[in-house]
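Structure first, then comments.
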2 protein chains.
Amino acid sequence: MKKAAAAALAAPRNRISPLAPAAFPELPRIEGVRFAAVAAGIRYPGRLDVMLAEIAPGAALAGVFTRSATRAAPVLWCEEKLAKAAGATKSKGGYAVVVNSGNANAFTGVAGRSAVEATAAAAAETLGVPRDHVLIASTGVIGEPLPVGRITAKMAALRAALDTGAAERAARSIMTTDTFPKGAAAIRVALGNVEVSLAGFAKGSGMIAPDMATMLAFLFTDAVVEPKALQAMLATANAETFNCITVDGDTSTSDSVFLVATGKAQMPPIRSLRDARGRALQKVLTDVMRDLAHQVVRDGEGATKFVEIHVTGAASPAAARNVGLAIANSPLVKTALAGEDPNWGRVVMAVGKSGEKADRDRLAIRLGDILVAENGQVASGYQEASGADYMKRSELTVGVDLGVGSGAAKVWTCDLTHRYIDINADYRS
Amino acid sequence: MKKAAAAALAAPRNRISPLAPAAFPELPRIEGVRFAAVAAGIRYPGRLDVMLAEIAPGAALAGVFTRSATRAAPVLWCEEKLAKAAGATKSKGGYAVVVNSGNANAFTGVAGRSAVEATAAAAAETLGVPRDHVLIASTGVIGEPLPVGRITAKMAALRAALDTGAAERAARSIMTTDTFPKGAAAIRVALGNVEVSLAGFAKGSGMIAPDMATMLAFLFTDAVVEPKALQAMLATANAETFNCITVDGDTSTSDSVFLVATGKAQMPPIRSLRDARGRALQKVLTDVMRDLAHQVVRDGEGATKFVEIHVTGAASPAAARNVGLAIANSPLVKTALAGEDPNWGRVVMAVGKSGEKADRDRLAIRLGDILVAENGQVASGYQEASGADYMKRSELTVGVDLGVGSGAAKVWTCDLTHRYIDINADYRS
């Protein structure tokens, strides 16, 4: 199937976000991993909705998952299998990743676990990998039984379609309410005298999209990395990328991020993040994940503004992040952003409610480069007209200095618009 | 001025909430307290915006306040003065309470403190009470200097208008975006062989209304209660009333609740909540505060549904409340309520993100009496049509049983509608 036809199959139901990048980026082929995607009719007919990634033997895998107490069956499965994998330094056999959109297989009781096991069995048999080497993610409606037979019936077709260049097609197949597919890559990154690449794609249109959709991301590199170092690398990068975005403060039952190091590059393994090559790979991983995280915010339901909240002067980096999230999650801040209102009083309110240490009389607030408030009151040179003018931009930075320490963090969010309510208040159909 | 004229003066800018009570209740006169309200032009001309309550000598006072780190100047003043008062068993001299709407005197730096001191000095001189016996609350726009001269200039007129029957007029003068004044009372409550009354009024249209408006409540009883017992009584009642409501999860810099026991009833003082009379008064106080708290939710910005979240089977009452608030604050739950969508999957999500102990496979969810989900999956007898039918009501109960303990709590909220965004995204004018 040609790319244009694939795009049509996954055509988003909503018009593309005004904050979307101009185009899907060119993703490098990563030796050791192949992709396929098909339309299996999970929820809607004629829409790409199942993807398969086949990972050649010798890879290391890592994952981070939602901390929700009501995690979906596929998340529990992956946590179990990756805990096993992270313990091994060398794995025998290849891996498979099977992802479906249209149904989250969440809150589906015993049937949910059975569906996961049936998927794992089918993928294991079709690709000749161990059952415990099949990772699974599901995104879509919650509480409805997953029609798993539609996935297993497509396994042979998926295997036949496997292609190292099909990452964009895979990225499209995992979309739910996303209005554009999300990809990012780092090409020919020097690790000592070896060059590796890293490519990733993601889906998500908020921490939660309608009907319990999800944030999912998949990252692949040909670098050689030991599993424990890979896991540490992913967790560290995740803390300052996907864990620093919010659309509506809601947390999915299914959020999952996977990092695969196929190990096909000719290099001694990276065993630690303290290693110079480990640091270099960590940096590009963070850059690629931040890019994908920003794209998720740019596709936030109803978003018309992409907003960076930059908190400085906090008691610690964690305190800075909490203050940033309190601001980013405040409905009153988000509606003011939508209304292009430089309503900095709501930022003061959100700082106050964060529960973190702050001193009202040391607080400073900036809109871009404009100093709006300092020392507990409006800045003497501040003109409301310049604040209002700044707010008309589609990309905004809100700077908050707490004046109590040296902790800093950046958090990204979008505005809260009528479109968010349209998308989420509609009766499910 | 006749009541009709007073009502016109405070005419709400927005149409009255569809969830409003039919009428403002008849409030009993409480011996030892008199009210007055005038239009001082704080923000809008011709609108009641300053109230004065005069409390006769011998009263005990208690207060609970926002825990925001960016509390407004009047809140800091009251905390300081009441800490002093709570330490004394007998106070000399009367008290005054001065409240203005239209300006929150929040984030106003040194000028904010000066405005509070000027107000206290003017009220103290006019009424002949100690300066430290003047309590102050301000609600309205943040970050703009309070035109305190407009308040002090009206002090003589306020004194001249003092009337034991003017509580409704006082309730109207503290409104900001409220669409109706909020009052509640308990009349002739038997405490042993004595009868006392309790009356209160409140304002609030969300935890936060536009431009940092506020939740304020004032309660008065003629009972004789020692200050420490009064404070304990208020804090206990507050924990299960005003602290269990949410419109948007945002916390004001100015939220304040005051309880005054004028001590005019002929009875020995209540010294403890364990006293039978203390328990009886505590119960009616809680009932009156719950009534006022519900009215605040019923006036939630844009609200079309009044929703009780009843959480049972939690590890503790505090855990139950946290789960309830996680559900009540979820934008996805609130938009589903607005859309009359029985989207119980979003309730599962909110339970999961609350951070409290829950067992996915023991969770049960009810809409009114309809069992929707149990044992980690949709209930076998559940028909989506009956759930959808139930959601059309304007008063809803969502029941959640966590199945892990015996902790229970009720939390009240409203839906998230387009009107909320209209109100809050409008540029301040």
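Chain lettering (A, B, ...) mirrors the order of the structure tokens, residue numbering begins at 1 for each chain separately, and ligand numbering begins at 1 in order of display.
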
Enumerate, as a PyMOL selection string, the complete set of residues in range 54-265 of chain A that a backbone-based DSSP assignment places in strand (DSSP E). chain A and resi 54-55+60-65+95-103+134-141+182-191+194-203+216-221+245-246+256-261

Could I get the residues of chain B with an atom no further than 7 Å from an atom of chain A, each paired with its nearest atom pair and that distance in Å to one decimal, using only C-alpha atoms, sorted by chain and residue number, as a Markdown table?
```
| residue | atom | partner | partner_atom | distance |
| --- | --- | --- | --- | --- |
| B:Ser68 | CA | A:Gly352 | CA | 4.5 |
| B:Ala69 | CA | A:Gly352 | CA | 4.2 |
| B:Thr70 | CA | A:Gly352 | CA | 4.6 |
| B:Phe107 | CA | A:Gln377 | CA | 5.3 |
| B:Thr108 | CA | A:Gln377 | CA | 5.0 |
| B:Gly109 | CA | A:Gly376 | CA | 5.2 |
| B:Ile142 | CA | A:Gly345 | CA | 5.7 |
| B:Gly143 | CA | A:Val378 | CA | 6.4 |
| B:Met212 | CA | A:Arg346 | CA | 6.7 |
| B:Asp248 | CA | A:Pro331 | CA | 6.4 |
| B:Asp250 | CA | A:Ser330 | CA | 6.4 |
| B:Thr251 | CA | A:Lys353 | CA | 5.8 |
| B:Ser252 | CA | A:Met349 | CA | 6.3 |
| B:Thr253 | CA | A:Met349 | CA | 6.1 |
| B:Ser330 | CA | A:Asp250 | CA | 6.5 |
| B:Pro331 | CA | A:Asp248 | CA | 6.5 |
| B:Leu332 | CA | A:Asn424 | CA | 6.6 |
| B:Thr335 | CA | A:Ala425 | CA | 4.7 |
| B:Ala336 | CA | A:Ala425 | CA | 4.8 |
| B:Ala338 | CA | A:Ala425 | CA | 6.0 |
| B:Gly339 | CA | A:Ala425 | CA | 4.2 |
| B:Asp341 | CA | A:Tyr427 | CA | 5.2 |
| B:Gly345 | CA | A:Ile142 | CA | 5.7 |
| B:Arg346 | CA | A:Met212 | CA | 6.7 |
| B:Val348 | CA | A:Thr70 | CA | 6.8 |
| B:Met349 | CA | A:Thr253 | CA | 6.1 |
| B:Gly352 | CA | A:Ala69 | CA | 4.2 |
| B:Lys353 | CA | A:Ser68 | CA | 5.0 |
| B:Ala358 | CA | A:Ala69 | CA | 6.2 |
| B:Arg360 | CA | A:Thr70 | CA | 5.1 |
| B:Asp361 | CA | A:Gly109 | CA | 6.8 |
| B:Gly376 | CA | A:Gly109 | CA | 5.2 |
| B:Gln377 | CA | A:Thr108 | CA | 5.0 |
| B:Val378 | CA | A:Gly143 | CA | 6.4 |
| B:Thr417 | CA | A:Ile421 | CA | 6.8 |
| B:His418 | CA | A:His418 | CA | 5.9 |
| B:Ile421 | CA | A:Thr335 | CA | 6.1 |
| B:Asn424 | CA | A:Thr335 | CA | 5.8 |
| B:Ala425 | CA | A:Gly339 | CA | 4.2 |
| B:Asp426 | CA | A:Gly339 | CA | 5.6 |
| B:Tyr427 | CA | A:Asp341 | CA | 5.3 |
```

For Ala315 in chain B, find every residue with an atom within 9 Å (counting only C-alpha atoms), except residues of its own chain fewer than 4 positions away, and show them as a VMD selection string. chain B and resid 319 to 320 356 to 358 402 to 408

How would the residues just picked look written out with C-alpha atoms as a JSON list (two decimals), in the first residue's frame?
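Saved to result14.json:
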```json
[["chain", "number", "residue", "atom", "x", "y", "z"],
["B", 319, "ALA", "CA", -8.54, 8.61, 51.58],
["B", 320, "ALA", "CA", -12.23, 8.58, 50.68],
["B", 356, "GLU", "CA", -5.03, 6.38, 47.29],
["B", 357, "LYS", "CA", -5.20, 2.63, 47.85],
["B", 358, "ALA", "CA", -7.64, 0.99, 45.44],
["B", 402, "LEU", "CA", -13.24, 0.92, 46.70],
["B", 403, "GLY", "CA", -13.61, -2.38, 48.54],
["B", 404, "VAL", "CA", -10.42, -1.97, 50.58],
["B", 405, "GLY", "CA", -11.65, -0.61, 53.95],
["B", 406, "SER", "CA", -14.45, 1.23, 55.71],
["B", 407, "GLY", "CA", -13.54, 4.89, 55.12],
["B", 408, "ALA", "CA", -16.31, 7.00, 53.60]]
```

CA of Thr126 in chain B to CA of Gly94 in chain B, straight-line distance in Å: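 A separation of 12.1 Å between them.
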
Point-to-point distance in Å for CA of Asn103 in chain A and CA of Phe258 in chain A: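 Going from CA of Phe258 in chain A over to CA of Asn103 in chain A covers 19.4 Å.
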